[in-house]
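**Student:** Before I ask anything, let me first share the structure, which is written out below as structure tokens.
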Amino acid sequence: MALIQMEFKSETLKRTVSANVILPSERFRGPYPTLYLLHGLTDNCNGWLSYTRIRLWAEESGLAVVMPSGENSFYMDILVKDGCLGDFGEYIGRELVSVTREMFPLSHKREDTFLGGLSMGGFGACRNALKYSETFGKAAVLSGALHFYEYPVSWVETEGNTLGEAKNFGDIEKTRNSDRNPRYLMEIIKNDPNRQFPEFYIACGLQDVLLEANRSIAKALSEAGAKVTYEEGEGIHDWYFWDTYIQHVLKWLNYSAERK
């Protein structure tokens, strides 16, 4: 197994960006199926490596894992008052996939290309798997920060806005019918015979304040026509839950640690 810490100049974001890449050991042969794994708010590309055993499980499974840094962008294309965070949706959905496929022996097939994440990254995985559904065949959402259009605006602007993250979404009512809202993207796929839903895995802790938002999005995806696997279990919004349930994700992808 190789752990590669990479930097490259992103044409989309107009700056140098960082990512970590796990490549399987020599007993596996490429091109490798690939999971693009997104971190949560305030974290960076090292989060998954620091707080879970993803490196061990990827080595044992034959699955490549790419972990980019998304700043606090919610992995959307965002302009904010104090400057430009950048087109993180386009970066995740197109450029990062293209660049890593050029650099490493990764599969170019949709059915081998997966997107996943926790909390903010869970939102990013849901939103970008829908927006770039031609690229991603499956998406995994752990404790997704999916509350912005699912909970009352008053809650979003207070309880759900502890670090000012709601600014990424602008006026909630005005952006409800935009690609910031996963439900809007669901309708686009549902009404386009040339597009296909990715398959989804969604999991959330029973004591997580975002539980109802995850339930709501899982139901909406299923009703729109997506194939959805949904799980709940004991836990709150923390790494103990995510360290456990990333194993569930790998089993759902059929790349669990037992796969030799």
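Each chain in the structure tokens gets a letter, A, B, ..., in the order shown, and its residues are numbered from 1; ligands are numbered from 1 in order too.
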Leaving out region 114-123 of chain A and any residue of its chain fewer than 5 positions from it, which residues lie within 7 Å of it when counting only C-alpha atoms, given as a PyMOL selection string?
**Tutor:** chain A and resi 34-41+74+129+136-146
**Student:** Using only C-alpha atoms, which protein or nucleic acid residues come within 8 Å of Phe28 (chain A)? Drop anything in the same chain fewer than 3 positions from it, and give the result as a PyMOL selection string.
**Tutor:** chain A and resi 24-25+62
**Student:** Residues of the last selection are to be written out with C-alpha atoms, as a compact mmCIF listing (two decimals), in the first residue's frame.
**Tutor:**
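Writing done, so here's selection-v1.txt:
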```
# COMPACT_ATOMS: atom_id res chain seq x y z
CA PRO A 24 -3.67 -0.67 -2.79
CA SER A 25 -0.75 -3.04 -2.40
CA GLY A 62 -7.98 -3.23 -2.98
```
**Student:** CA of Asn177 (chain A) and CA of Tyr149 (chain A) are how many Å apart?
**Tutor:** 10.1 Å
**Student:** Among region 37-159 of chain A, which ones does DSSP place in helix (DSSP H, G or I), written as a PyMOL selection string?
**Tutor:** chain A and resi 47-51+54-61+88-103+110-112+120-131+153-156
**Student:** Write a file of the selected residues as an mmCIF file, in the first residue's frame, keeping C-alpha atoms.
**Tutor:**
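Printed below is again.cif as written:
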```cif
data_model
loop_
_atom_site.group_PDB
_atom_site.id
_atom_site.type_symbol
_atom_site.label_atom_id
_atom_site.label_comp_id
_atom_site.auth_asym_id
_atom_site.auth_seq_id
_atom_site.Cartn_x
_atom_site.Cartn_y
_atom_site.Cartn_z
ATOM 1 C CA GLY A 47 -8.962 14.008 9.083
ATOM 2 C CA TRP A 48 -9.876 10.545 7.859
ATOM 3 C CA LEU A 49 -6.283 9.358 8.243
ATOM 4 C CA SER A 50 -5.978 10.786 11.758
ATOM 5 C CA TYR A 51 -9.206 9.540 13.312
ATOM 6 C CA ILE A 54 -9.245 3.885 6.639
ATOM 7 C CA ARG A 55 -5.590 3.342 5.668
ATOM 8 C CA LEU A 56 -5.614 -0.213 7.044
ATOM 9 C CA TRP A 57 -8.957 -1.097 5.508
ATOM 10 C CA ALA A 58 -8.094 0.357 2.109
ATOM 11 C CA GLU A 59 -4.846 -1.624 2.079
ATOM 12 C CA GLU A 60 -6.719 -4.843 2.794
ATOM 13 C CA SER A 61 -9.532 -4.230 0.326
ATOM 14 C CA PHE A 88 -15.416 23.419 -4.943
ATOM 15 C CA GLY A 89 -18.302 21.541 -6.533
ATOM 16 C CA GLU A 90 -16.636 21.665 -9.925
ATOM 17 C CA TYR A 91 -13.307 20.808 -8.301
ATOM 18 C CA ILE A 92 -14.678 17.680 -6.601
ATOM 19 C CA GLY A 93 -17.035 16.600 -9.367
ATOM 20 C CA ARG A 94 -14.734 17.069 -12.341
ATOM 21 C CA GLU A 95 -11.178 18.317 -11.857
ATOM 22 C CA LEU A 96 -10.067 16.137 -8.926
ATOM 23 C CA VAL A 97 -11.374 13.011 -10.635
ATOM 24 C CA SER A 98 -9.677 13.936 -13.901
ATOM 25 C CA VAL A 99 -6.325 14.816 -12.298
ATOM 26 C CA THR A 100 -6.110 11.707 -10.108
ATOM 27 C CA ARG A 101 -7.063 9.455 -13.007
ATOM 28 C CA GLU A 102 -4.198 10.944 -14.999
ATOM 29 C CA MET A 103 -1.704 10.533 -12.142
ATOM 30 C CA ARG A 110 -18.728 5.154 -13.357
ATOM 31 C CA GLU A 111 -19.523 1.892 -11.592
ATOM 32 C CA ASP A 112 -16.038 1.953 -10.014
ATOM 33 C CA MET A 120 -20.208 18.687 5.760
ATOM 34 C CA GLY A 121 -18.559 16.057 3.578
ATOM 35 C CA GLY A 122 -21.745 14.015 3.748
ATOM 36 C CA PHE A 123 -23.626 16.959 2.317
ATOM 37 C CA GLY A 124 -20.889 17.332 -0.308
ATOM 38 C CA ALA A 125 -21.141 13.660 -1.228
ATOM 39 C CA CYS A 126 -24.923 13.841 -1.573
ATOM 40 C CA ARG A 127 -24.972 17.097 -3.521
ATOM 41 C CA ASN A 128 -22.090 16.317 -5.876
ATOM 42 C CA ALA A 129 -23.053 12.707 -6.553
ATOM 43 C CA LEU A 130 -26.385 14.085 -7.769
ATOM 44 C CA LYS A 131 -24.946 17.032 -9.690
ATOM 45 C CA VAL A 153 -35.040 28.383 8.562
ATOM 46 C CA SER A 154 -35.067 29.751 12.115
ATOM 47 C CA TRP A 155 -33.276 26.608 13.355
ATOM 48 C CA VAL A 156 -30.793 26.644 10.486
#
```
**Student:** Have a look at A:Ala2, A:Val209, A:Ala64, A:Met186 and name the one nearest to Asp238 (chain A); count only C-alpha atoms.
**Tutor:**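 Answer, going by the shortest atom-to-atom distance: A:Val209.
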**Student:** Could you please determine the separation between CA of Tyr255 (chain A) and CA of Val65 (chain A) in Å, to one decimal place?
**Tutor:**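 Computing the Euclidean distance for CA of Tyr255 (chain A) and CA of Val65 (chain A) yields 11.5 Å.
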**Student:** Kindly give the distance, in Å, that separates CA of Pro31 (chain A) and CA of Glu134 (chain A), rounded to a single decimal.
**Tutor:**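 Atom-to-atom, CA of Pro31 (chain A) and CA of Glu134 (chain A) are spaced 18.8 Å apart.
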**Student:** Give me, as a PyMOL selection string, all polymer residues having an atom no more than 12 Å from Lys167 (chain A), counting only C-alpha atoms and skipping those fewer than 2 positions away in the same chain.
**Tutor:** chain A and resi 72-74+76+78-82+85+148+156-158+160-165+169-172+175+180
**Student:** When distances are computed from only C-alpha atoms, which of A:Lys174, A:Arg53, A:His108, A:Lys227 shows the smallest separation from Gly30 (chain A)?
**Tutor:**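 When distances to Gly30 (chain A) are compared using only C-alpha atoms, the smallest one comes from A:His108.
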**Student:** I'd like to know which residues of region 43-212 of chain A are strand (DSSP E or B) (by DSSP, run on the backbone); could you write them as number ranges by chain?
**Tutor:** A: 64-68, 77-80, 83-87, 106, 113-118, 138-142, 199-205
**Student:** Between A:Leu211, A:Val66, A:Ala203, A:Ala226, which is the closest to Ser133 (chain A) once you count only C-alpha atoms?
**Tutor:**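 The closest residue to Ser133 (chain A) is A:Ala226.
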